[in-house]
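**Student:** My file is work-v2.txt. It has compact mmCIF, C-alpha atoms and all ligand atoms:
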# COMPACT_ATOMS: atom_id res chain seq x y z
CA MET A 28 14.49 -24.15 -5.52
CA GLU A 29 17.91 -22.74 -4.69
CA SER A 30 18.63 -22.37 -8.39
CA ILE A 31 15.38 -20.44 -8.95
CA ILE A 32 16.31 -18.04 -6.16
CA LYS A 33 19.80 -17.67 -7.60
CA LYS A 34 18.34 -16.89 -11.01
CA ALA A 35 16.06 -14.27 -9.44
CA ILE A 36 18.96 -12.61 -7.63
CA GLU A 37 21.05 -12.46 -10.79
CA THR A 38 18.50 -11.70 -13.52
CA HIS A 39 15.40 -10.37 -11.69
CA ILE A 40 13.32 -12.41 -14.09
CA LEU A 41 11.31 -15.54 -13.30
CA GLU A 42 8.74 -17.55 -15.21
CA ARG A 43 5.22 -17.81 -13.82
CA GLU A 44 5.80 -21.47 -12.93
CA GLU A 45 8.96 -20.61 -11.04
CA ILE A 46 7.18 -17.97 -8.95
CA THR A 47 4.40 -20.44 -8.22
CA ALA A 48 6.93 -23.06 -7.14
CA LEU A 49 8.57 -20.60 -4.72
CA LEU A 50 5.21 -19.61 -3.26
CA LYS A 51 4.25 -23.24 -2.71
CA ASP A 52 7.45 -24.47 -1.13
CA GLU A 53 7.45 -23.95 2.64
CA ASN A 54 11.03 -25.13 3.06
CA ILE A 55 12.72 -22.28 1.25
CA ASN A 56 11.23 -19.37 3.15
CA GLU A 57 14.33 -18.40 5.13
CA THR A 58 16.53 -18.58 2.03
CA LEU A 59 14.00 -16.51 0.11
CA PHE A 60 13.73 -13.81 2.78
CA TYR A 61 17.51 -13.67 3.11
CA ALA A 62 17.92 -13.26 -0.65
CA ALA A 63 15.30 -10.50 -0.80
CA ASP A 64 16.95 -8.70 2.10
CA LYS A 65 20.27 -8.80 0.29
CA VAL A 66 18.82 -7.47 -2.96
CA ARG A 67 17.00 -4.75 -1.01
CA LYS A 68 20.27 -3.68 0.61
CA GLU A 69 22.13 -3.67 -2.68
CA TYR A 70 19.55 -1.65 -4.63
CA VAL A 71 17.71 0.63 -2.19
CA GLY A 72 20.11 0.53 0.76
CA ASP A 73 19.47 0.60 4.48
CA GLU A 74 17.31 3.71 4.54
CA ILE A 75 13.68 3.33 5.50
CA HIS A 76 11.29 5.95 4.20
CA LEU A 77 8.54 7.16 6.51
CA ARG A 78 5.37 8.28 4.80
CA GLY A 79 2.96 10.16 7.04
CA LEU A 80 -0.52 8.80 6.46
CA ILE A 81 -3.66 10.90 6.88
CA GLU A 82 -6.89 8.95 6.48
CA PHE A 83 -9.29 11.82 5.92
CA SER A 84 -12.66 10.24 5.13
CA ASN A 85 -14.17 6.80 5.65
CA ILE A 86 -17.13 7.57 3.43
CA CYS A 87 -17.03 5.28 0.39
CA LYS A 88 -19.36 4.68 -2.51
CA ARG A 89 -17.78 1.26 -3.19
CA ASN A 90 -18.87 -2.00 -1.67
CA CYS A 91 -15.77 -4.23 -1.70
CA LEU A 92 -16.69 -7.36 0.19
CA TYR A 93 -13.73 -7.43 2.57
CA CYS A 94 -13.52 -3.75 3.47
CA GLY A 95 -14.85 -2.25 6.69
CA ILE A 96 -15.66 1.11 5.11
CA ARG A 97 -17.74 -0.44 2.29
CA CYS A 98 -20.95 1.52 1.79
CA GLY A 99 -23.00 -1.51 2.81
CA ASN A 100 -21.56 -1.48 6.33
CA LYS A 101 -24.15 0.24 8.50
CA ASN A 102 -22.25 -0.56 11.73
CA ILE A 103 -19.61 2.14 11.51
CA LYS A 104 -19.76 5.82 12.22
CA ARG A 105 -18.76 7.83 9.20
CA PHE A 106 -16.43 10.83 9.31
CA ARG A 107 -14.94 13.34 6.96
CA LEU A 108 -12.19 15.77 7.98
CA ASP A 109 -12.52 19.28 6.65
CA GLU A 110 -9.95 21.00 4.50
CA GLU A 111 -8.46 23.12 7.30
CA ASN A 112 -8.04 20.07 9.47
CA ILE A 113 -6.32 18.05 6.74
CA VAL A 114 -3.92 20.88 5.88
CA THR A 115 -3.08 21.42 9.57
CA LEU A 116 -2.42 17.72 10.14
CA ALA A 117 -0.14 17.70 7.11
CA LYS A 118 1.67 20.81 8.31
CA ASN A 119 2.27 19.31 11.77
CA ALA A 120 3.60 16.12 10.23
CA THR A 121 6.05 17.97 8.01
CA GLN A 122 7.23 19.97 11.02
CA LYS A 123 7.99 16.66 12.70
CA GLY A 124 10.18 15.71 9.77
CA PHE A 125 7.95 13.69 7.48
CA LYS A 126 9.01 14.17 3.85
CA THR A 127 5.93 12.54 2.36
CA ILE A 128 2.26 12.97 3.20
CA VAL A 129 -0.12 10.24 2.09
CA LEU A 130 -3.73 11.33 1.75
CA GLN A 131 -6.02 8.32 1.82
CA SER A 132 -9.80 8.03 1.89
CA GLY A 133 -12.74 6.02 0.75
CA GLU A 134 -14.20 7.03 -2.61
CA ASP A 135 -16.05 9.92 -1.05
CA PRO A 136 -18.03 11.92 -3.64
CA TYR A 137 -17.69 15.09 -1.54
CA PHE A 138 -13.97 15.25 -2.31
CA THR A 139 -14.06 16.21 -5.95
CA ALA A 140 -10.80 16.59 -7.83
CA GLU A 141 -11.21 20.37 -7.54
CA ILE A 142 -11.46 20.25 -3.75
CA LEU A 143 -8.56 17.81 -3.49
CA ALA A 144 -6.43 19.90 -5.85
CA ASN A 145 -6.88 22.86 -3.54
CA ILE A 146 -5.80 20.82 -0.52
CA ILE A 147 -2.80 19.45 -2.42
CA SER A 148 -1.57 22.84 -3.54
CA ARG A 149 -1.77 24.13 0.04
CA ILE A 150 0.12 21.13 1.45
CA LYS A 151 2.70 21.34 -1.33
CA LYS A 152 3.85 24.67 0.13
CA PHE A 153 5.32 22.74 3.08
CA ASN A 154 7.92 21.24 0.74
CA VAL A 155 6.77 17.63 0.95
CA ALA A 156 6.07 14.86 -1.50
CA ILE A 157 2.38 14.03 -1.74
CA THR A 158 0.94 10.59 -2.29
CA LEU A 159 -2.76 10.15 -2.99
CA SER A 160 -4.83 7.06 -2.33
CA THR A 161 -8.35 8.12 -3.15
CA GLY A 162 -9.49 5.49 -5.62
CA GLU A 163 -10.63 5.44 -9.22
CA MET A 164 -11.05 8.71 -11.11
CA GLU A 165 -11.20 10.03 -14.65
CA GLU A 166 -8.02 10.99 -16.47
CA ARG A 167 -9.03 14.66 -16.33
CA GLU A 168 -9.25 14.42 -12.55
CA TYR A 169 -5.95 12.58 -12.11
CA LYS A 170 -4.35 15.25 -14.28
CA LEU A 171 -5.80 18.08 -12.21
CA LEU A 172 -4.40 16.50 -9.06
CA LYS A 173 -1.00 15.96 -10.68
CA ASP A 174 -0.89 19.56 -11.84
CA ALA A 175 -1.80 20.68 -8.31
CA GLY A 176 1.36 18.96 -7.04
CA ALA A 177 0.59 15.30 -6.31
CA ASP A 178 3.66 13.13 -6.87
CA ARG A 179 2.48 9.60 -6.31
CA PHE A 180 -0.70 7.56 -6.37
CA LEU A 181 -1.60 4.27 -4.69
CA LEU A 182 -4.27 2.13 -6.24
CA ARG A 183 -4.10 -1.52 -5.39
CA ILE A 184 -5.35 -3.84 -8.07
CA GLU A 185 -6.32 -6.13 -5.14
CA THR A 186 -6.21 -9.22 -7.42
CA THR A 187 -5.56 -9.67 -11.13
CA ASN A 188 -7.73 -12.76 -11.29
CA PRO A 189 -10.87 -11.72 -13.22
CA TYR A 190 -13.12 -14.18 -11.41
CA LEU A 191 -11.93 -13.15 -7.93
CA TYR A 192 -11.96 -9.47 -8.87
CA LYS A 193 -15.60 -9.68 -9.88
CA LYS A 194 -16.58 -11.68 -6.83
CA PHE A 195 -15.05 -9.27 -4.31
CA HIS A 196 -15.79 -5.97 -6.06
CA PRO A 197 -19.47 -5.62 -6.95
CA ASP A 198 -20.15 -3.27 -9.85
CA MET A 199 -16.47 -2.65 -10.50
CA SER A 200 -14.32 -3.60 -13.44
CA LEU A 201 -10.82 -5.05 -13.41
CA GLU A 202 -10.22 -3.60 -16.83
CA HIS A 203 -11.15 -0.11 -15.69
CA ARG A 204 -8.87 -0.37 -12.68
CA ILE A 205 -5.96 -1.47 -14.86
CA ASN A 206 -6.68 1.49 -17.14
CA CYS A 207 -6.57 3.82 -14.14
CA LEU A 208 -3.09 2.52 -13.31
CA LYS A 209 -1.95 3.01 -16.89
CA THR A 210 -3.33 6.56 -16.89
CA LEU A 211 -1.53 7.35 -13.64
CA LYS A 212 1.73 6.10 -15.12
CA LYS A 213 1.18 8.08 -18.29
CA LEU A 214 0.55 11.27 -16.33
CA GLY A 215 3.90 10.86 -14.59
CA TYR A 216 2.79 9.73 -11.15
CA GLU A 217 4.99 7.36 -9.24
CA THR A 218 2.40 4.64 -9.28
CA GLY A 219 1.78 2.12 -6.54
CA THR A 220 -0.37 -0.95 -6.66
CA GLY A 221 -0.60 -4.24 -4.81
CA VAL A 222 -2.86 -7.07 -3.80
CA LEU A 223 -4.60 -8.70 -0.90
CA VAL A 224 -3.18 -12.04 0.09
CA GLY A 225 -5.75 -14.55 1.26
CA LEU A 226 -8.86 -13.72 -0.74
CA PHE A 227 -10.97 -16.86 -0.51
CA GLY A 228 -10.42 -18.90 -3.65
CA GLN A 229 -7.05 -17.30 -4.44
CA THR A 230 -4.44 -19.75 -5.70
CA PHE A 231 -0.64 -19.68 -5.81
CA GLU A 232 -0.92 -19.35 -9.59
CA SER A 233 -3.12 -16.30 -9.18
CA LEU A 234 -0.58 -14.68 -6.85
CA ALA A 235 2.21 -15.47 -9.31
CA ASN A 236 0.19 -13.71 -12.01
CA ASP A 237 -0.17 -10.71 -9.68
CA ILE A 238 3.61 -10.38 -9.41
CA ILE A 239 3.98 -10.64 -13.18
CA PHE A 240 1.40 -7.87 -13.51
CA PHE A 241 3.40 -5.63 -11.12
CA LYS A 242 6.38 -6.05 -13.39
CA GLU A 243 4.42 -5.59 -16.60
CA ILE A 244 3.02 -2.24 -15.62
CA ASP A 245 6.35 -1.28 -14.05
CA ALA A 246 4.86 -0.30 -10.70
CA ASP A 247 7.02 2.08 -8.69
CA MET A 248 5.65 0.87 -5.37
CA ILE A 249 4.00 -2.33 -4.25
CA GLY A 250 1.90 -2.47 -1.09
CA LEU A 251 0.53 -5.81 -0.16
CA GLY A 252 -0.72 -7.50 2.95
CA PRO A 253 -2.81 -10.33 4.31
CA LEU A 254 -6.57 -10.09 4.26
CA ILE A 255 -7.90 -9.57 7.77
CA VAL A 256 -11.48 -10.60 8.16
CA ASN A 257 -13.76 -7.79 9.23
CA GLU A 258 -16.81 -9.13 11.08
CA ASP A 259 -18.93 -6.24 9.82
CA THR A 260 -18.57 -7.46 6.24
CA PRO A 261 -19.94 -10.39 4.23
CA LEU A 262 -16.63 -12.20 4.90
CA LYS A 263 -17.47 -12.59 8.60
CA GLY A 264 -16.54 -15.99 10.04
CA GLY A 265 -13.90 -16.59 7.36
CA ASN A 266 -10.16 -17.04 7.72
CA ASN A 267 -7.49 -14.37 7.70
CA GLY A 268 -4.81 -14.43 5.02
CA SER A 269 -1.42 -15.86 5.85
CA LEU A 270 1.29 -13.49 7.06
CA ASN A 271 3.91 -15.90 5.81
CA LEU A 272 2.51 -15.96 2.32
CA ALA A 273 2.31 -12.15 2.29
CA LEU A 274 5.99 -12.03 3.32
CA LYS A 275 6.86 -14.41 0.48
CA MET A 276 4.98 -12.16 -1.95
CA ILE A 277 7.04 -9.19 -0.72
CA ALA A 278 10.28 -11.14 -1.01
CA ILE A 279 9.63 -12.35 -4.56
CA THR A 280 8.46 -8.89 -5.62
CA ARG A 281 11.72 -7.42 -4.28
CA LEU A 282 13.79 -10.02 -6.14
CA LEU A 283 12.04 -9.23 -9.41
CA MET A 284 11.70 -5.46 -8.96
CA PRO A 285 14.85 -4.60 -7.02
CA ASP A 286 14.66 -0.79 -7.17
CA ILE A 287 11.04 -0.15 -6.20
CA ASN A 288 9.61 1.00 -2.87
CA ILE A 289 7.80 -1.62 -0.80
CA PRO A 290 6.04 -0.74 2.46
CA ALA A 291 5.82 -2.98 5.49
CA THR A 292 2.06 -2.65 5.89
CA THR A 293 0.06 -2.23 9.08
CA ALA A 294 -1.95 -5.37 8.28
CA MET A 295 1.25 -7.36 8.76
CA GLU A 296 1.66 -6.00 12.28
CA THR A 297 -1.98 -6.68 13.05
CA LEU A 298 -1.40 -10.40 12.54
CA HIS A 299 1.94 -10.57 14.38
CA PRO A 300 3.60 -8.12 16.82
CA LYS A 301 6.80 -8.32 14.78
CA GLY A 302 5.02 -8.41 11.41
CA ARG A 303 6.46 -5.15 10.18
CA ILE A 304 10.02 -6.05 11.18
CA MET A 305 9.62 -9.33 9.38
CA ALA A 306 8.53 -7.47 6.25
CA LEU A 307 11.44 -5.03 6.53
CA GLN A 308 13.78 -8.01 6.65
CA ALA A 309 12.14 -9.73 3.70
CA GLY A 310 12.41 -6.94 1.13
CA ALA A 311 10.39 -3.96 2.41
CA ASN A 312 11.91 -0.45 2.82
CA VAL A 313 8.99 1.86 3.67
CA ILE A 314 6.71 2.41 6.68
CA MET A 315 3.52 4.44 6.58
CA PRO A 316 2.63 5.55 10.10
CA ASN A 317 -0.57 7.37 10.80
CA VAL A 318 0.14 11.03 11.54
CA GLY A 319 -3.22 12.43 12.37
CA ASP A 320 -3.77 13.28 16.02
CA TYR A 321 -7.51 13.36 15.61
CA ASN A 322 -10.27 11.43 17.31
CA GLU A 323 -11.85 10.07 14.18
CA LYS A 324 -8.90 7.96 13.15
CA LYS A 325 -10.17 4.89 14.98
CA LEU A 326 -13.15 5.02 12.64
CA TYR A 327 -10.98 4.36 9.62
CA SER A 328 -11.32 0.66 10.22
CA LEU A 329 -10.80 -1.32 7.03
CA TYR A 330 -10.12 -4.33 9.23
CA PRO A 331 -10.19 -4.96 13.00
CA GLY A 332 -7.27 -4.68 15.40
CA LYS A 333 -5.34 -2.17 13.33
CA ALA A 334 -1.96 -1.86 15.04
CA ASN A 335 -0.76 1.40 16.65
CA VAL A 336 -4.02 3.24 16.11
CA ASN A 337 -3.87 4.75 19.60
CA ASP A 338 -0.43 6.32 19.15
CA ASP A 339 -0.09 10.04 18.57
CA THR A 340 2.34 11.28 15.93
CA ASP A 341 5.25 11.76 18.33
CA THR A 342 4.85 8.34 19.89
CA SER A 343 4.55 6.56 16.59
CA LYS A 344 7.56 8.38 15.13
CA GLU A 345 9.66 7.54 18.20
CA LYS A 346 8.54 3.93 18.19
CA ILE A 347 9.25 3.53 14.53
CA THR A 348 12.64 5.24 14.67
CA ALA A 349 13.61 2.88 17.51
CA LEU A 350 12.34 -0.09 15.54
CA ILE A 351 14.29 0.94 12.45
CA LYS A 352 17.50 1.34 14.44
CA SER A 353 16.98 -1.95 16.29
CA ILE A 354 17.41 -3.82 13.03
CA GLY A 355 20.44 -1.81 11.92
CA ARG A 356 18.59 0.37 9.46
CA VAL A 357 18.45 4.17 9.07
CA PRO A 358 15.45 6.54 8.97
CA SER A 359 15.64 8.34 5.63
CA THR A 360 15.76 12.11 5.38
CA SER A 361 15.07 12.25 1.65
CA PHE A 362 11.79 12.32 -0.25
CA GLY A 363 12.29 8.69 -1.13
CA PHE A 364 11.43 8.63 -4.80
CA ARG A 365 12.20 5.51 -6.77
CA LYS A 366 15.71 5.62 -8.19
CA LYS A 367 15.24 3.59 -11.30
CA VAL A 368 18.15 1.34 -12.13
N1 LIG B 401 -7.87 -6.66 5.35
C1 LIG B 401 -6.68 -6.25 4.86
N2 LIG B 401 -6.55 -5.22 4.00
C2 LIG B 401 -7.68 -4.58 3.62
N3 LIG B 401 -7.88 -3.56 2.77
C3 LIG B 401 -9.20 -3.28 2.73
N4 LIG B 401 -9.87 -4.11 3.54
C4 LIG B 401 -8.95 -4.94 4.09
C5 LIG B 401 -9.02 -6.04 5.01
N5 LIG B 401 -10.19 -6.47 5.50
C6 LIG B 401 -6.79 -2.95 1.99
C7 LIG B 401 -7.13 -2.94 0.49
C8 LIG B 401 -7.02 -1.47 0.12
C9 LIG B 401 -6.14 -0.92 1.22
C10 LIG B 401 -6.25 0.55 1.44
O1 LIG B 401 -6.57 -1.63 2.36
O2 LIG B 401 -6.17 -3.70 -0.22
O3 LIG B 401 -6.46 -1.24 -1.15
Would you kindly transcribe this structure into structure tokens?
**Tutor:**
Amino acid sequence: MESIIKKAIETHILEREEITALLKDENINETLFYAADKVRKEYVGDEIHLRGLIEFSNICKRNCLYCGIRCGNKNIKRFRLDEENIVTLAKNATQKGFKTIVLQSGEDPYFTAEILANIISRIKKFNVAITLSTGEMEEREYKLLKDAGADRFLLRIETTNPYLYKKFHPDMSLEHRINCLKTLKKLGYETGTGVLVGLFGQTFESLANDIIFFKEIDADMIGLGPLIVNEDTPLKGGNNGSLNLALKMIAITRLLMPDINIPATTAMETLHPKGRIMALQAGANVIMPNVGDYNEKKLYSLYPGKANVNDDTDTSKEKITALIKSIGRVPSTSFGFRKKV
């Protein structure tokens, strides 16, 4: 195992079987995390980028089995922020020093590309980078949003296993989602993807394939986290994903894609109070705190027990800055684009 890790540190290339072996072996975790932390430091440094997240609508036409805002969930109250509100939240966040605004929502048909483009061009005036996470769209629409000023796009592939993809995403197509990612890349977006760790039926081999996919499409950002069972979904009564396995996925991704941006996701913190710190010390270099001081944000519940949801923007920024410093890292003041090596 040590020799596989050494190979990863030196070449950033591993065979599928080698990734699988690392994922399976529970005795090499500390060595793996240490190696990823070292590669992270060497390639992207000690800076941690803060991306201010605004979750602006929990209305979604999709029905993904694990997700709390799936259209089939009749137990949640739906909300949609209006344009003025979104722009104001973004403005406040930039005044507090955020250099990136992430606009995330369910696939809400109200927010057409035209409406979103308008919001983007208004926010762009605040001199921030804009990341979108609004789901699958046509090329024409992605282009409109890019032209309006969007810089990055997050679209997790969730799993690259065709059988699992089909099982968890009714009426959706893995092929189409992959094409969306390719389109985003082609249009010049910094493109983020990622997977859920702990989908029932997922194997180590399947996760190894996911990492190979990240490399193949040359993702600029990888966001991944453990599945957290939402009792208002068909997965109720099932088991959560493993935090440890999610950390190993982060670590191996960092070893193989040393210059990309990797967030320590909220789902990590939901499973363990130190989950995000663990991720930051196993390869991650980004945190995406919620920046909206609005009442509806508790309703954006993809999964239960979302950490820090009660904090206002000032509190969360202070907490995160303290956390970053406590582990000897530095809050970044730059836009935090990928510096490709
Ligand atoms: N547990 C963990 N992550 C989830 N997501 C959706 N539902 C859950 C859940 N129950 C993730 C998906 C999606 C991202 C925005 O949130 O991977 O891409």
**Student:** Please check which protein, DNA or RNA residues sit within 9 Å of ligand LIG 401 (chain B), counting only C-alpha atoms and all ligand atoms, and write them as a count of residues only.
**Tutor:** 41
**Student:** Residues within 9 Å of (-15.4, 1.6, -3.9), file coordinates, counting only C-alpha atoms: what are they? Give the list as an MDAnalysis selection string.
**Tutor:** chainID A and resid 87:91 97:98 133:135 162:163 196:197 199
**Student:** Let's have the selection written as a CSV table (one decimal), keeping the file's coordinate frame, with C-alpha atoms.
**Tutor:**
chain,number,residue,atom,x,y,z
A,87,CYS,CA,-17.0,5.3,0.4
A,88,LYS,CA,-19.4,4.7,-2.5
A,89,ARG,CA,-17.8,1.3,-3.2
A,90,ASN,CA,-18.9,-2.0,-1.7
A,91,CYS,CA,-15.8,-4.2,-1.7
A,97,ARG,CA,-17.7,-0.4,2.3
A,98,CYS,CA,-21.0,1.5,1.8
A,133,GLY,CA,-12.7,6.0,0.8
A,134,GLU,CA,-14.2,7.0,-2.6
A,135,ASP,CA,-16.0,9.9,-1.0
A,162,GLY,CA,-9.5,5.5,-5.6
A,163,GLU,CA,-10.6,5.4,-9.2
A,196,HIS,CA,-15.8,-6.0,-6.1
A,197,PRO,CA,-19.5,-5.6,-7.0
A,199,MET,CA,-16.5,-2.6,-10.5
**Student:** Let me make sure I understand: among A:Val313, A:Leu41, A:Ile244, A:Ala306, which one has the smallest atom-to-atom distance to A:Gly79 if we use all atoms listed in the file?
**Tutor:**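 Once distances to A:Gly79 are computed over all atoms listed in the file, the minimum belongs to A:Val313.
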**Student:** Skipping near chain neighbours, those fewer than 3 positions away, what residues fall within 7 Å of stretch 318-320 of chain A using all atoms listed in the file, listed as a PyMOL selection string?
**Tutor:** chain A and resi 79-81+116+120+339-340
**Student:** Using all atoms listed in the file, which of A:Gly332, A:Pro136, A:Gly176, A:Pro316 sits nearest A:Pro290?
**Tutor:**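 For A:Pro290, the nearest of the given residues is A:Pro316.
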**Student:** Of the candidates A:Asn56, A:Thr218, A:Thr38, A:Asn112, which shows the shortest atom-to-atom distance to A:Met276, using all atoms listed in the file?
**Tutor:**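 Checking each candidate against A:Met276, we get A:Asn56 as the closest.
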